[in-house]
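File shown: data.json (JSON, C-alpha atoms).
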[["chain", "number", "residue", "atom", "x", "y", "z"],
["A", 1, "MET", "CA", 37.89, 13.59, 30.31],
["A", 2, "ILE", "CA", 36.71, 15.54, 27.27],
["A", 3, "LEU", "CA", 37.78, 13.91, 24.01],
["A", 4, "ALA", "CA", 39.65, 16.15, 21.61],
["A", 5, "GLY", "CA", 42.03, 16.10, 18.67],
["A", 6, "SER", "CA", 43.38, 12.77, 17.48],
["A", 7, "GLU", "CA", 41.63, 10.73, 20.19],
["A", 8, "LEU", "CA", 38.25, 12.13, 19.19],
["A", 9, "VAL", "CA", 38.88, 11.69, 15.47],
["A", 10, "LYS", "CA", 39.97, 8.05, 15.90],
["A", 11, "ARG", "CA", 36.96, 7.11, 18.01],
["A", 12, "VAL", "CA", 34.46, 8.88, 15.74],
["A", 13, "LYS", "CA", 35.88, 7.06, 12.70],
["A", 14, "LYS", "CA", 36.46, 3.64, 14.28],
["A", 15, "GLU", "CA", 33.19, 3.38, 16.22],
["A", 16, "LYS", "CA", 30.99, 5.22, 13.69],
["A", 17, "ILE", "CA", 29.62, 7.58, 16.34],
["A", 18, "PHE", "CA", 27.93, 9.46, 13.51],
["A", 19, "GLU", "CA", 25.88, 6.90, 11.61],
["A", 20, "ASP", "CA", 26.04, 8.76, 8.30],
["A", 21, "THR", "CA", 28.98, 10.36, 6.52],
["A", 22, "ILE", "CA", 30.89, 12.76, 8.77],
["A", 23, "ASP", "CA", 30.88, 16.39, 7.69],
["A", 24, "TRP", "CA", 34.33, 17.56, 8.72],
["A", 25, "HIS", "CA", 33.27, 21.16, 8.18],
["A", 26, "CYS", "CA", 31.40, 20.67, 11.48],
["A", 27, "PHE", "CA", 34.51, 19.61, 13.40],
["A", 28, "THR", "CA", 36.28, 22.22, 15.55],
["A", 29, "GLY", "CA", 38.92, 20.11, 17.28],
["A", 30, "TRP", "CA", 36.98, 19.18, 20.40],
["A", 31, "GLN", "CA", 33.33, 19.27, 19.33],
["A", 32, "PHE", "CA", 31.07, 18.79, 16.34],
["A", 33, "ASP", "CA", 28.32, 21.07, 15.12],
["A", 34, "LEU", "CA", 24.99, 19.37, 14.50],
["A", 35, "LYS", "CA", 22.64, 20.40, 11.70],
["A", 36, "LEU", "CA", 18.91, 21.04, 11.66],
["A", 37, "GLY", "CA", 17.06, 17.96, 10.37],
["A", 38, "LYS", "CA", 14.00, 17.62, 8.18],
["A", 39, "GLU", "CA", 11.30, 17.44, 10.88],
["A", 40, "ALA", "CA", 10.22, 20.22, 13.23],
["A", 41, "PHE", "CA", 7.18, 21.05, 15.31],
["A", 42, "ILE", "CA", 6.08, 24.55, 16.35],
["A", 43, "SER", "CA", 3.79, 24.86, 19.39],
["A", 44, "ASP", "CA", 1.04, 26.86, 17.68],
["A", 45, "ASN", "CA", 0.82, 24.39, 14.75],
["A", 46, "ASN", "CA", -1.33, 21.26, 14.73],
["A", 47, "LYS", "CA", 1.05, 19.04, 12.76],
["A", 48, "PRO", "CA", 4.81, 18.58, 12.17],
["A", 49, "ILE", "CA", 6.67, 20.64, 9.58],
["A", 50, "ILE", "CA", 8.66, 18.67, 7.02],
["A", 51, "LEU", "CA", 11.54, 20.74, 5.67],
["A", 52, "GLY", "CA", 12.88, 20.19, 2.19],
["A", 53, "GLU", "CA", 16.60, 20.40, 1.45],
["A", 54, "ASN", "CA", 17.80, 23.86, 2.57],
["A", 55, "ASP", "CA", 14.28, 25.03, 3.53],
["A", 56, "TYR", "CA", 13.95, 27.71, 6.22],
["A", 57, "LEU", "CA", 12.15, 27.46, 9.56],
["A", 58, "VAL", "CA", 10.84, 30.47, 11.51],
["A", 59, "ILE", "CA", 10.34, 30.39, 15.30],
["A", 60, "GLU", "CA", 8.34, 33.40, 16.43],
["A", 61, "PRO", "CA", 8.85, 35.17, 19.79],
["A", 62, "GLY", "CA", 7.18, 33.37, 22.70],
["A", 63, "THR", "CA", 6.95, 30.11, 20.74],
["A", 64, "PHE", "CA", 8.13, 26.61, 21.67],
["A", 65, "ALA", "CA", 9.57, 24.26, 19.06],
["A", 66, "LEU", "CA", 10.84, 20.69, 18.75],
["A", 67, "LEU", "CA", 13.79, 20.31, 16.40],
["A", 68, "GLU", "CA", 15.54, 17.14, 15.26],
["A", 69, "THR", "CA", 19.14, 16.83, 14.16],
["A", 70, "GLU", "CA", 20.11, 15.72, 10.69],
["A", 71, "GLU", "CA", 22.72, 13.43, 12.25],
["A", 72, "ARG", "CA", 22.08, 10.06, 13.88],
["A", 73, "ILE", "CA", 24.26, 9.31, 16.88],
["A", 74, "ASN", "CA", 25.68, 5.91, 17.89],
["A", 75, "MET", "CA", 27.00, 6.64, 21.37],
["A", 76, "PRO", "CA", 29.50, 4.08, 22.71],
["A", 77, "HIS", "CA", 28.81, 2.67, 26.18],
["A", 78, "ASP", "CA", 31.90, 4.33, 27.65],
["A", 79, "LEU", "CA", 31.08, 7.86, 26.39],
["A", 80, "MET", "CA", 28.39, 10.42, 27.01],
["A", 81, "GLY", "CA", 27.67, 13.54, 25.02],
["A", 82, "PHE", "CA", 26.94, 17.09, 26.12],
["A", 83, "ILE", "CA", 24.74, 19.09, 23.77],
["A", 84, "ALA", "CA", 23.77, 22.75, 23.40],
["A", 85, "VAL", "CA", 22.33, 25.32, 21.02],
["A", 86, "LYS", "CA", 25.08, 27.23, 19.21],
["A", 87, "PHE", "CA", 25.85, 30.72, 20.57],
["A", 88, "SER", "CA", 24.86, 32.33, 17.27],
["A", 89, "PHE", "CA", 21.25, 31.30, 18.08],
["A", 90, "LYS", "CA", 21.50, 31.72, 21.85],
["A", 91, "LYS", "CA", 22.28, 35.40, 21.46],
["A", 92, "LEU", "CA", 19.03, 35.81, 19.50],
["A", 93, "GLY", "CA", 17.10, 34.42, 22.47],
["A", 94, "LEU", "CA", 16.81, 30.72, 21.55],
["A", 95, "VAL", "CA", 16.83, 28.70, 24.77],
["A", 96, "ASN", "CA", 17.34, 24.94, 25.03],
["A", 97, "ILE", "CA", 14.74, 23.66, 27.52],
["A", 98, "SER", "CA", 15.34, 19.95, 26.92],
["A", 99, "GLY", "CA", 18.12, 17.74, 28.25],
["A", 100, "PHE", "CA", 21.76, 18.73, 28.03],
["A", 101, "HIS", "CA", 23.35, 15.31, 27.61],
["A", 102, "VAL", "CA", 23.20, 12.15, 25.48],
["A", 103, "ASP", "CA", 23.21, 8.86, 27.38],
["A", 104, "PRO", "CA", 25.89, 6.20, 26.85],
["A", 105, "GLY", "CA", 24.59, 3.64, 24.34],
["A", 106, "TYR", "CA", 22.02, 5.99, 22.78],
["A", 107, "LYS", "CA", 21.32, 5.36, 19.10],
["A", 108, "GLY", "CA", 19.22, 7.70, 17.00],
["A", 109, "LYS", "CA", 18.52, 11.32, 16.20],
["A", 110, "LEU", "CA", 18.63, 14.00, 18.88],
["A", 111, "ILE", "CA", 15.50, 16.02, 19.64],
["A", 112, "PHE", "CA", 15.89, 19.55, 21.02],
["A", 113, "SER", "CA", 13.02, 21.35, 22.75],
["A", 114, "VAL", "CA", 13.62, 25.10, 22.44],
["A", 115, "TYR", "CA", 11.89, 28.39, 23.24],
["A", 116, "ASN", "CA", 12.26, 31.76, 21.55],
["A", 117, "ALA", "CA", 12.69, 34.15, 24.49],
["A", 118, "GLY", "CA", 13.89, 36.94, 22.20],
["A", 119, "PRO", "CA", 11.93, 39.87, 20.74],
["A", 120, "ASN", "CA", 12.25, 38.84, 17.08],
["A", 121, "ASP", "CA", 11.61, 35.87, 14.79],
["A", 122, "ILE", "CA", 14.49, 33.38, 14.70],
["A", 123, "LEU", "CA", 15.28, 32.00, 11.27],
["A", 124, "MET", "CA", 17.19, 28.76, 10.70],
["A", 125, "GLN", "CA", 17.85, 26.53, 7.71],
["A", 126, "ARG", "CA", 17.82, 22.78, 7.25],
["A", 127, "ASN", "CA", 21.29, 21.23, 6.92],
["A", 128, "LYS", "CA", 22.88, 24.24, 8.62],
["A", 129, "ALA", "CA", 24.56, 24.07, 12.04],
["A", 130, "VAL", "CA", 22.21, 24.96, 14.90],
["A", 131, "PHE", "CA", 23.48, 22.72, 17.73],
["A", 132, "MET", "CA", 26.76, 21.29, 19.00],
["A", 133, "ILE", "CA", 27.99, 18.19, 20.85],
["A", 134, "PHE", "CA", 31.16, 17.20, 22.68],
["A", 135, "PHE", "CA", 32.10, 13.86, 24.22],
["A", 136, "VAL", "CA", 33.22, 12.85, 27.71],
["A", 137, "SER", "CA", 34.71, 9.45, 28.57],
["A", 138, "LEU", "CA", 33.41, 7.35, 31.48],
["A", 139, "THR", "CA", 35.62, 5.41, 33.86],
["A", 140, "ASN", "CA", 33.72, 2.19, 33.07],
["A", 141, "ALA", "CA", 31.80, 1.14, 29.96],
["A", 142, "LEU", "CA", 28.20, 0.53, 31.04],
["A", 143, "ASP", "CA", 27.73, -2.63, 28.95],
["A", 144, "GLU", "CA", 30.80, -4.16, 30.63],
["A", 145, "PHE", "CA", 29.48, -3.04, 34.02],
["A", 146, "MET", "CA", 26.15, -4.81, 33.43],
["A", 147, "GLU", "CA", 27.96, -8.01, 32.41],
["A", 148, "GLN", "CA", 29.80, -7.78, 35.71],
["A", 149, "ILE", "CA", 26.50, -7.33, 37.57],
["A", 150, "LYS", "CA", 24.84, -10.28, 35.80],
["A", 151, "SER", "CA", 27.79, -12.53, 36.54],
["A", 152, "GLY", "CA", 27.35, -11.81, 40.27],
["A", 153, "SER", "CA", 30.91, -10.57, 40.65],
["A", 154, "ASN", "CA", 31.99, -10.12, 44.28],
["A", 155, "ASP", "CA", 34.43, -7.39, 43.27],
["A", 156, "LEU", "CA", 31.63, -4.81, 43.48],
["A", 157, "LEU", "CA", 31.03, -5.31, 47.22],
["A", 158, "LEU", "CA", 27.26, -5.56, 46.64],
["A", 159, "ASP", "CA", 24.95, -7.96, 48.46],
["A", 160, "ASP", "CA", 22.47, -10.20, 46.56],
["A", 161, "GLY", "CA", 19.58, -7.76, 46.99],
["A", 162, "GLU", "CA", 21.60, -4.87, 45.61],
["A", 163, "LEU", "CA", 22.77, -6.96, 42.66],
["A", 164, "GLU", "CA", 19.19, -7.95, 41.79],
["A", 165, "LEU", "CA", 18.00, -4.34, 42.03],
["A", 166, "ILE", "CA", 20.67, -3.13, 39.60],
["A", 167, "LYS", "CA", 19.93, -6.07, 37.25],
["A", 168, "SER", "CA", 16.28, -4.96, 37.14],
["A", 169, "LYS", "CA", 17.37, -1.52, 35.91],
["A", 170, "GLU", "CA", 19.30, -2.85, 32.90],
["A", 171, "ASP", "CA", 16.95, -1.23, 30.36],
["A", 172, "LYS", "CA", 17.57, 2.18, 31.93],
["A", 173, "ILE", "CA", 21.31, 1.71, 32.32],
["A", 174, "ILE", "CA", 21.83, 0.32, 28.81],
["A", 175, "ARG", "CA", 20.03, 2.54, 26.29],
["A", 176, "LYS", "CA", 19.32, 0.44, 23.19],
["A", 177, "SER", "CA", 17.35, 2.76, 20.94],
["A", 178, "GLY", "CA", 16.59, 6.43, 20.44],
["A", 179, "TYR", "CA", 14.43, 8.60, 18.21],
["A", 180, "SER", "CA", 14.02, 8.34, 14.46],
["A", 181, "GLY", "CA", 11.68, 11.35, 14.41],
["A", 182, "ILE", "CA", 9.75, 13.61, 16.78],
["A", 183, "PRO", "CA", 7.38, 11.48, 18.90],
["A", 184, "ILE", "CA", 3.73, 12.52, 19.20],
["A", 185, "ASP", "CA", 3.82, 12.75, 23.01],
["A", 186, "MET", "CA", 6.48, 15.48, 22.77],
["A", 187, "MET", "CA", 4.32, 17.42, 20.29],
["A", 188, "THR", "CA", 1.25, 17.10, 22.53],
["A", 189, "ALA", "CA", 3.22, 18.41, 25.52],
["A", 190, "ILE", "CA", 4.03, 21.78, 23.90],
["A", 191, "GLN", "CA", 1.06, 22.25, 21.57],
["A", 192, "GLY", "CA", -1.03, 25.40, 21.99],
["A", 193, "ASN", "CA", -0.73, 29.14, 21.59],
["A", 194, "SER", "CA", 2.13, 30.62, 23.58],
["A", 195, "VAL", "CA", 2.01, 34.06, 25.11],
["A", 196, "SER", "CA", 5.09, 36.27, 24.81],
["A", 197, "LEU", "CA", 5.84, 39.58, 26.48],
["A", 198, "SER", "CA", 5.63, 41.34, 23.12],
["A", 199, "ARG", "CA", 2.20, 39.83, 22.44],
["A", 200, "ASN", "CA", 1.00, 40.84, 25.90],
["A", 201, "ALA", "CA", 2.31, 44.36, 25.36],
["A", 202, "SER", "CA", 0.46, 44.55, 22.04],
["A", 203, "ARG", "CA", -2.77, 43.36, 23.66],
["A", 204, "ILE", "CA", -2.45, 45.86, 26.52],
["A", 205, "GLU", "CA", -1.79, 48.70, 24.08],
["A", 206, "LYS", "CA", -4.90, 47.70, 22.08],
["A", 207, "LEU", "CA", -7.00, 47.66, 25.26],
["A", 208, "GLU", "CA", -5.67, 51.09, 26.26],
["A", 209, "ASN", "CA", -6.61, 52.49, 22.84],
["A", 210, "ASN", "CA", -10.09, 50.96, 23.10],
["A", 211, "PHE", "CA", -10.56, 52.47, 26.56],
["A", 212, "LYS", "CA", -9.53, 55.87, 25.22],
["A", 213, "ILE", "CA", -12.01, 55.65, 22.33],
["A", 214, "PHE", "CA", -14.92, 54.33, 24.38],
["A", 215, "GLY", "CA", -14.05, 56.68, 27.24],
["A", 216, "SER", "CA", -14.27, 59.68, 24.93],
["A", 217, "ILE", "CA", -17.61, 58.46, 23.56],
["A", 218, "ALA", "CA", -18.94, 57.88, 27.08],
["A", 219, "LEU", "CA", -17.87, 61.37, 28.22],
["A", 220, "THR", "CA", -19.54, 62.91, 25.17],
["A", 221, "ILE", "CA", -22.78, 61.05, 25.88],
["A", 222, "ILE", "CA", -22.69, 61.94, 29.58],
["A", 223, "GLY", "CA", -22.03, 65.60, 28.73],
["A", 224, "ALA", "CA", -25.00, 65.63, 26.30],
["A", 225, "LEU", "CA", -27.30, 64.06, 28.90],
["A", 226, "ILE", "CA", -26.27, 66.63, 31.51],
["A", 227, "THR", "CA", -26.96, 69.44, 29.04],
["A", 228, "ILE", "CA", -30.43, 68.00, 28.26],
["A", 229, "LEU", "CA", -31.27, 67.59, 31.94],
["A", 230, "LEU", "CA", -30.19, 71.16, 32.72],
["A", 231, "THR", "CA", -32.28, 72.46, 29.81],
["A", 232, "LEU", "CA", -35.36, 70.52, 30.95],
["A", 233, "SER", "CA", -34.99, 71.73, 34.54],
["A", 234, "LYS", "CA", -35.26, 75.44, 33.59]]

Would you write out, as structure tokens, the structure that this file holds?
Amino acid sequence: MILAGSELVKRVKKEKIFEDTIDWHCFTGWQFDLKLGKEAFISDNNKPIILGENDYLVIEPGTFALLETEERINMPHDLMGFIAVKFSFKKLGLVNISGFHVDPGYKGKLIFSVYNAGPNDILMQRNKAVFMIFFVSLTNALDEFMEQIKSGSNDLLLDDGELELIKSKEDKIIRKSGYSGIPIDMMTAIQGNSVSLSRNASRIEKLENNFKIFGSIALTIIGALITILLTLSK
């Protein structure tokens, strides 16, 4: 079930799903917009970009980027979040290539990995809405489920081996911490010069022009040599 209206408002307020003050300008009844945070990483840079208040960030065509949200999320164990890039940026060619959900129990900032598949630079501003999130309720809170597993409850119809296997996965089932910034392994994974269609087209056009120039020079030289050889043969 997707949370909306009064149910969503009550849970966001009561359970402090957003760690900081809620910006109700970002609320649209069933989802919240998420703002661009202070840290970003562009694939053809060698270090993170730290944005000041209301600074702009440019993502060039054919470039990957890591973007953090301004908001910190405290996801309850009986909810999960679905996240996306806002349509206003999607239509410019910005593609979300990272995950599309937030795990139950996650606590921290969200990191989006994106790619500019469009023909033009994409401009965005810190503290302005770039992403969105909506919340879906689970049939069973995962922290309560793990307590049931650890107690060895027979209600689950699991044998001892199955119970022990699920117990061993507690760290994966119960997410205890998230990101406070962009981790270095994510930066390393996308670092390097990207090649876009527009850049390839520019390179091909430059090669064609060079071939035309050098071809003309070569033909001129060949023609002169032929003339000299014909003159010498008389």

Rounded to one decimal in Å, what is the spacing between atom CA of A:Ala117 and atom CA of A:Trp30? 28.8 Å

With distances taken over all atoms listed in the file, which residue among A:Met132, A:Met187, A:Leu92, A:Leu3 lies nearest A:Phe64?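 Closest to A:Phe64, using all atoms listed in the file: A:Met187.
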
Could you pull the residues within 12 Å of A:Ile173, counting all atoms listed in the file, minus those fewer than 6 positions along the same chain, as a PyMOL selection string? chain A and resi 77-78+103-106+141-147+149+165-167

Between atom CA of A:Met75 and atom CA of A:Asp185, what distance in Å does the model show, to one decimal?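 Taking atom CA of A:Met75 as the start and atom CA of A:Asp185 as the end point, the length is 24.0 Å.
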
Test item: residues at most 12 Å from A:Ile49, only C-alpha atoms, excluding those fewer than 2 positions along its chain, as a list in words: Gly37, Lys38, Glu39, Ala40, Phe41, Ile42, Ser43, Asp44, Asn45, Asn46, Lys47, Leu51, Gly52, Asp55, Tyr56, Leu57, Val58, Ile59, Ala65, Leu66, Leu67, Glu68, Arg126, Gly181, Ile182 and Met187 of chain A

Atom CA of A:Pro76 to atom CA of A:Gln148, straight-line distance in Å: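 Value for the atom CA of A:Gln148-atom CA of A:Pro76 distance: 17.6 Å.
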
Out of A:Lys169, A:Lys109, A:His25, A:Arg11, which residue has the shortest atom-to-atom distance to A:Thr69 when counting only C-alpha atoms? A:Lys109

So that I can see what lies close to A:Ile122, please list as a count of residues only the residues with an atom at most 12 Å from it, counting only C-alpha atoms and leaving out residues fewer than 2 positions away in the same chain. 28

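Minimum distance to A:Pro48 across A:Val12, A:Met186, A:Ala84, A:Ile22 (counting all atoms listed in the file) occurs at A:Met186.
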
Identify which of the residues A:Val102, A:Val85, A:Ile73, A:Ile174 lies closest to A:Phe18, counting all atoms listed in the file when measuring atom-to-atom distances. A:Ile73

Which is closer to A:Phe135 than all the others in A:Gly81, A:Gly152, A:Gly161, A:Gly192, using all atoms listed in the file?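 Smallest separation from A:Phe135 among the options: A:Gly81.
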
Could you tell me which of A:Phe82, A:Phe32, A:Tyr179, A:Phe131 comes closest to A:Gly108 if we count only C-alpha atoms?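 Going through A:Phe82, A:Phe32, A:Tyr179, A:Phe131 one by one, the smallest distance to A:Gly108 is for A:Tyr179.
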
With N, CA and C atoms as the goal, would you fill in the gaps in stretch 151-179 of chain A and present it as a PDB file, in the frame of the given file?
ATOM      1  N   SER A 151      26.952 -11.385  36.169  1.00  0.00           N
ATOM      2  CA  SER A 151      27.790 -12.530  36.540  1.00  0.00           C
ATOM      3  C   SER A 151      27.874 -12.720  38.055  1.00  0.00           C
ATOM      4  N   GLY A 152      27.334 -11.725  38.802  1.00  0.00           N
ATOM      5  CA  GLY A 152      27.350 -11.810  40.270  1.00  0.00           C
ATOM      6  C   GLY A 152      28.726 -11.600  40.848  1.00  0.00           C
ATOM      7  N   SER A 153      29.534 -10.789  40.199  1.00  0.00           N
ATOM      8  CA  SER A 153      30.910 -10.570  40.650  1.00  0.00           C
ATOM      9  C   SER A 153      30.953 -10.017  42.075  1.00  0.00           C
ATOM     10  N   ASN A 154      31.816 -10.590  42.904  1.00  0.00           N
ATOM     11  CA  ASN A 154      31.990 -10.120  44.280  1.00  0.00           C
ATOM     12  C   ASN A 154      32.908  -8.902  44.359  1.00  0.00           C
ATOM     13  N   ASP A 155      33.517  -8.535  43.251  1.00  0.00           N
ATOM     14  CA  ASP A 155      34.430  -7.390  43.270  1.00  0.00           C
ATOM     15  C   ASP A 155      33.701  -6.077  43.538  1.00  0.00           C
ATOM     16  N   LEU A 156      32.393  -6.054  43.350  1.00  0.00           N
ATOM     17  CA  LEU A 156      31.630  -4.810  43.480  1.00  0.00           C
ATOM     18  C   LEU A 156      31.170  -4.540  44.913  1.00  0.00           C
ATOM     19  N   LEU A 157      31.384  -5.470  45.806  1.00  0.00           N
ATOM     20  CA  LEU A 157      31.030  -5.310  47.220  1.00  0.00           C
ATOM     21  C   LEU A 157      29.528  -5.082  47.414  1.00  0.00           C
ATOM     22  N   LEU A 158      28.705  -5.685  46.544  1.00  0.00           N
ATOM     23  CA  LEU A 158      27.260  -5.560  46.640  1.00  0.00           C
ATOM     24  C   LEU A 158      26.665  -6.867  47.181  1.00  0.00           C
ATOM     25  N   ASP A 159      25.607  -6.746  47.996  1.00  0.00           N
ATOM     26  CA  ASP A 159      24.950  -7.960  48.460  1.00  0.00           C
ATOM     27  C   ASP A 159      23.965  -8.441  47.384  1.00  0.00           C
ATOM     28  N   ASP A 160      23.343  -9.599  47.577  1.00  0.00           N
ATOM     29  CA  ASP A 160      22.470 -10.200  46.560  1.00  0.00           C
ATOM     30  C   ASP A 160      21.296  -9.286  46.216  1.00  0.00           C
ATOM     31  N   GLY A 161      20.712  -8.656  47.232  1.00  0.00           N
ATOM     32  CA  GLY A 161      19.580  -7.760  46.990  1.00  0.00           C
ATOM     33  C   GLY A 161      19.972  -6.561  46.130  1.00  0.00           C
ATOM     34  N   GLU A 162      21.131  -6.013  46.390  1.00  0.00           N
ATOM     35  CA  GLU A 162      21.600  -4.870  45.610  1.00  0.00           C
ATOM     36  C   GLU A 162      21.903  -5.269  44.172  1.00  0.00           C
ATOM     37  N   LEU A 163      22.488  -6.460  44.010  1.00  0.00           N
ATOM     38  CA  LEU A 163      22.770  -6.960  42.660  1.00  0.00           C
ATOM     39  C   LEU A 163      21.486  -7.132  41.853  1.00  0.00           C
ATOM     40  N   GLU A 164      20.467  -7.716  42.484  1.00  0.00           N
ATOM     41  CA  GLU A 164      19.190  -7.950  41.790  1.00  0.00           C
ATOM     42  C   GLU A 164      18.517  -6.636  41.429  1.00  0.00           C
ATOM     43  N   LEU A 165      18.619  -5.649  42.304  1.00  0.00           N
ATOM     44  CA  LEU A 165      18.000  -4.340  42.030  1.00  0.00           C
ATOM     45  C   LEU A 165      18.650  -3.686  40.809  1.00  0.00           C
ATOM     46  N   ILE A 166      19.976  -3.738  40.739  1.00  0.00           N
ATOM     47  CA  ILE A 166      20.670  -3.130  39.600  1.00  0.00           C
ATOM     48  C   ILE A 166      20.384  -3.919  38.319  1.00  0.00           C
ATOM     49  N   LYS A 167      20.295  -5.252  38.425  1.00  0.00           N
ATOM     50  CA  LYS A 167      19.930  -6.070  37.250  1.00  0.00           C
ATOM     51  C   LYS A 167      18.574  -5.634  36.685  1.00  0.00           C
ATOM     52  N   SER A 168      17.634  -5.330  37.580  1.00  0.00           N
ATOM     53  CA  SER A 168      16.280  -4.960  37.140  1.00  0.00           C
ATOM     54  C   SER A 168      16.254  -3.618  36.415  1.00  0.00           C
ATOM     55  N   LYS A 169      17.314  -2.835  36.544  1.00  0.00           N
ATOM     56  CA  LYS A 169      17.370  -1.520  35.910  1.00  0.00           C
ATOM     57  C   LYS A 169      18.195  -1.535  34.616  1.00  0.00           C
ATOM     58  N   GLU A 170      18.436  -2.735  34.077  1.00  0.00           N
ATOM     59  CA  GLU A 170      19.300  -2.850  32.900  1.00  0.00           C
ATOM     60  C   GLU A 170      18.809  -2.001  31.730  1.00  0.00           C
ATOM     61  N   ASP A 171      17.488  -1.977  31.500  1.00  0.00           N
ATOM     62  CA  ASP A 171      16.950  -1.230  30.360  1.00  0.00           C
ATOM     63  C   ASP A 171      17.210   0.268  30.485  1.00  0.00           C
ATOM     64  N   LYS A 172      17.286   0.754  31.724  1.00  0.00           N
ATOM     65  CA  LYS A 172      17.570   2.180  31.930  1.00  0.00           C
ATOM     66  C   LYS A 172      19.066   2.467  31.880  1.00  0.00           C
ATOM     67  N   ILE A 173      19.860   1.520  32.320  1.00  0.00           N
ATOM     68  CA  ILE A 173      21.310   1.710  32.320  1.00  0.00           C
ATOM     69  C   ILE A 173      21.883   1.548  30.916  1.00  0.00           C
ATOM     70  N   ILE A 174      21.371   0.572  30.182  1.00  0.00           N
ATOM     71  CA  ILE A 174      21.830   0.320  28.810  1.00  0.00           C
ATOM     72  C   ILE A 174      20.766   0.813  27.841  1.00  0.00           C
ATOM     73  N   ARG A 175      20.974   2.003  27.277  1.00  0.00           N
ATOM     74  CA  ARG A 175      20.030   2.540  26.290  1.00  0.00           C
ATOM     75  C   ARG A 175      20.247   1.834  24.954  1.00  0.00           C
ATOM     76  N   LYS A 176      19.167   1.232  24.412  1.00  0.00           N
ATOM     77  CA  LYS A 176      19.320   0.440  23.190  1.00  0.00           C
ATOM     78  C   LYS A 176      18.794   1.141  21.943  1.00  0.00           C
ATOM     79  N   SER A 177      17.893   2.096  22.117  1.00  0.00           N
ATOM     80  CA  SER A 177      17.350   2.760  20.940  1.00  0.00           C
ATOM     81  C   SER A 177      16.976   4.201  21.278  1.00  0.00           C
ATOM     82  N   GLY A 178      16.941   5.024  20.249  1.00  0.00           N
ATOM     83  CA  GLY A 178      16.590   6.430  20.440  1.00  0.00           C
ATOM     84  C   GLY A 178      15.477   6.822  19.489  1.00  0.00           C
ATOM     85  N   TYR A 179      15.499   8.073  19.054  1.00  0.00           N
ATOM     86  CA  TYR A 179      14.430   8.600  18.210  1.00  0.00           C
ATOM     87  C   TYR A 179      14.819   8.557  16.742  1.00  0.00           C
TER      88      TYR A 179
END
